[in-house]
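One structure below.
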Amino acid sequence: MPTRTAAQRRADARAAYDAFIAECPTRHLLDRIADKWVSLALAALADGPMRYGELSRRLAGVSQKMLTQTLRNLERDGLVTRTVTPSVPVRVDYALTPLGENLAGLMRSVKEWAETHMDEVLTARAVYDGGAGAPGGG
């Protein structure tokens with residue numbers, strides 16, 4: 001068997017990812033990015049770095065605990081950086097990494113799609129709920 005370079009081994013590993021396979025680690029990543037707070041945080045940060053308070057106000061309805069957890073997970077996944085500036089009070093800024101910027105564009109598109117097509121979805125729901133849908137999940 002010929003010797004393979006590290007780059008070739010990484011390319012093979014990337015090609016092996018298949019989210020349709022139950023054990024594939026990409027399923028965990030899809031779970032993460034499908035979360036509403038993750039998608040909204042990424043879309044908000046696409047406008048530029050924000051302090052925690054700014055982000056909290058922008059994401060109306062998010063609890064402090066959920067926002068903190070979301071930002072920690074995004075930082076762990078390499079999508080967001082957290083910069084602490086010693087001052088009184090301490091200043092904490094969050095910004096997208098290049099990887100986060102790449103994903104944020106997609107998330108912003110999904111957010112805009114939802115905003116654009118919400119009336120159509122509401123109409124479809126009303127039709128379905130009015131009896132036109134297949135009972136029992138047909």
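Identifiers for the structure tokens are assigned positionally: chains receive A, B, ... in sequence, residues are indexed from 1 per chain, and ligands are indexed from 1 in the order shown.
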
(request) Could you give me the residues within region 38-117 of chain A that DSSP places in helix (DSSP H, G or I), as an MDAnalysis selection string? (result) chainID A and resid 38:45 52:58 64:76 98:117

(request) Run DSSP on the backbone of this structure and report the residues of region 4-135 of chain A it assigns to strand (DSSP E or B), as a PyMOL selection string. (result) chain A and resi 50-51+80-85+91-96

Name the residues in contact with Tyr94 (chain A) at a cut-off of 6 Å, using only C-alpha atoms, excluding same-chain residues fewer than 2 positions from it; report them as a PDB file with N, CA and C atoms, in the first residue's frame.
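As written to disk, around19.pdb reads:
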```pdb
ATOM      1  N   PRO A  49     -18.651  42.561  15.659  1.00  0.00           N
ATOM      2  CA  PRO A  49     -18.508  42.175  17.065  1.00  0.00           C
ATOM      3  C   PRO A  49     -19.540  42.869  17.944  1.00  0.00           C
ATOM      4  N   MET A  50     -19.938  42.173  19.001  1.00  0.00           N
ATOM      5  CA  MET A  50     -20.927  42.721  19.930  1.00  0.00           C
ATOM      6  C   MET A  50     -20.543  42.371  21.351  1.00  0.00           C
ATOM      7  N   THR A  81     -15.211  34.060  18.741  1.00  0.00           N
ATOM      8  CA  THR A  81     -14.140  34.369  19.701  1.00  0.00           C
ATOM      9  C   THR A  81     -14.713  35.247  20.796  1.00  0.00           C
ATOM     10  N   ARG A  82     -14.135  35.115  21.968  1.00  0.00           N
ATOM     11  CA  ARG A  82     -14.533  35.901  23.139  1.00  0.00           C
ATOM     12  C   ARG A  82     -13.307  36.684  23.572  1.00  0.00           C
TER      13      ARG A  82
END
```

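When only C-alpha atoms are used to compute distances to Ile33 (chain A), the closest of the residues A:Glu54, A:Asp77, A:Asp47, A:Glu112 turns out to be A:Asp77.
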
(message) Env of Tyr52 (chain A): 9 Å cut, atoms = only C-alpha atoms, seq-sep filter 5 positions within chain, self excluded. Answer as JSON, numbers by chain.
(response) {"A": [57, 67, 68, 91, 92, 93, 94]}

Writing out the chosen residues with N, CA, C and O atoms as a PDB file, in the first residue's frame:
```pdb
ATOM      1  N   ARG A  57     -29.788  41.930  24.075  1.00  0.00           N
ATOM      2  CA  ARG A  57     -30.904  42.786  23.657  1.00  0.00           C
ATOM      3  C   ARG A  57     -31.350  42.447  22.234  1.00  0.00           C
ATOM      4  O   ARG A  57     -32.541  42.464  21.928  1.00  0.00           O
ATOM      5  N   LEU A  67     -28.063  32.182  26.579  1.00  0.00           N
ATOM      6  CA  LEU A  67     -27.127  32.940  25.755  1.00  0.00           C
ATOM      7  C   LEU A  67     -25.689  32.581  26.121  1.00  0.00           C
ATOM      8  O   LEU A  67     -24.855  32.374  25.244  1.00  0.00           O
ATOM      9  N   THR A  68     -25.410  32.484  27.417  1.00  0.00           N
ATOM     10  CA  THR A  68     -24.063  32.112  27.853  1.00  0.00           C
ATOM     11  C   THR A  68     -23.691  30.736  27.333  1.00  0.00           C
ATOM     12  O   THR A  68     -22.597  30.525  26.796  1.00  0.00           O
ATOM     13  N   ARG A  91     -15.120  44.359  30.107  1.00  0.00           N
ATOM     14  CA  ARG A  91     -15.761  44.372  28.787  1.00  0.00           C
ATOM     15  C   ARG A  91     -15.503  43.027  28.108  1.00  0.00           C
ATOM     16  O   ARG A  91     -14.366  42.581  28.030  1.00  0.00           O
ATOM     17  N   VAL A  92     -16.580  42.400  27.637  1.00  0.00           N
ATOM     18  CA  VAL A  92     -16.471  41.126  26.925  1.00  0.00           C
ATOM     19  C   VAL A  92     -17.116  41.302  25.555  1.00  0.00           C
ATOM     20  O   VAL A  92     -18.281  41.681  25.457  1.00  0.00           O
ATOM     21  N   ASP A  93     -16.329  41.058  24.525  1.00  0.00           N
ATOM     22  CA  ASP A  93     -16.814  41.179  23.148  1.00  0.00           C
ATOM     23  C   ASP A  93     -16.812  39.813  22.480  1.00  0.00           C
ATOM     24  O   ASP A  93     -15.906  38.998  22.702  1.00  0.00           O
ATOM     25  N   TYR A  94     -17.810  39.583  21.644  1.00  0.00           N
ATOM     26  CA  TYR A  94     -17.920  38.347  20.879  1.00  0.00           C
ATOM     27  C   TYR A  94     -17.863  38.704  19.403  1.00  0.00           C
ATOM     28  O   TYR A  94     -18.451  39.691  18.966  1.00  0.00           O
TER      29      TYR A  94
END
```

(message) From the options A:Ala95, A:Leu106, A:Cys24, A:Leu79, which residue's atoms come nearest to Arg51 (chain A), counting only C-alpha atoms?
(response)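 For Arg51 (chain A), the nearest of the candidates is A:Ala95.
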
(request) Have a look at A:Val90, A:Ala22, A:Val62, A:Leu40 and name the one nearest to Ser109 (chain A); count only C-alpha atoms. (result) A:Leu40

(message) With only C-alpha atoms as the counted atoms, please give the residues lying no more than 12 Å from Leu103 (chain A), apart from itself and same-chain residues fewer than 5 positions off, as a ChimeraX atom specification.
(response) /A:29-30,33-34,38-43,45-46,74,77-80,96-98,108-110
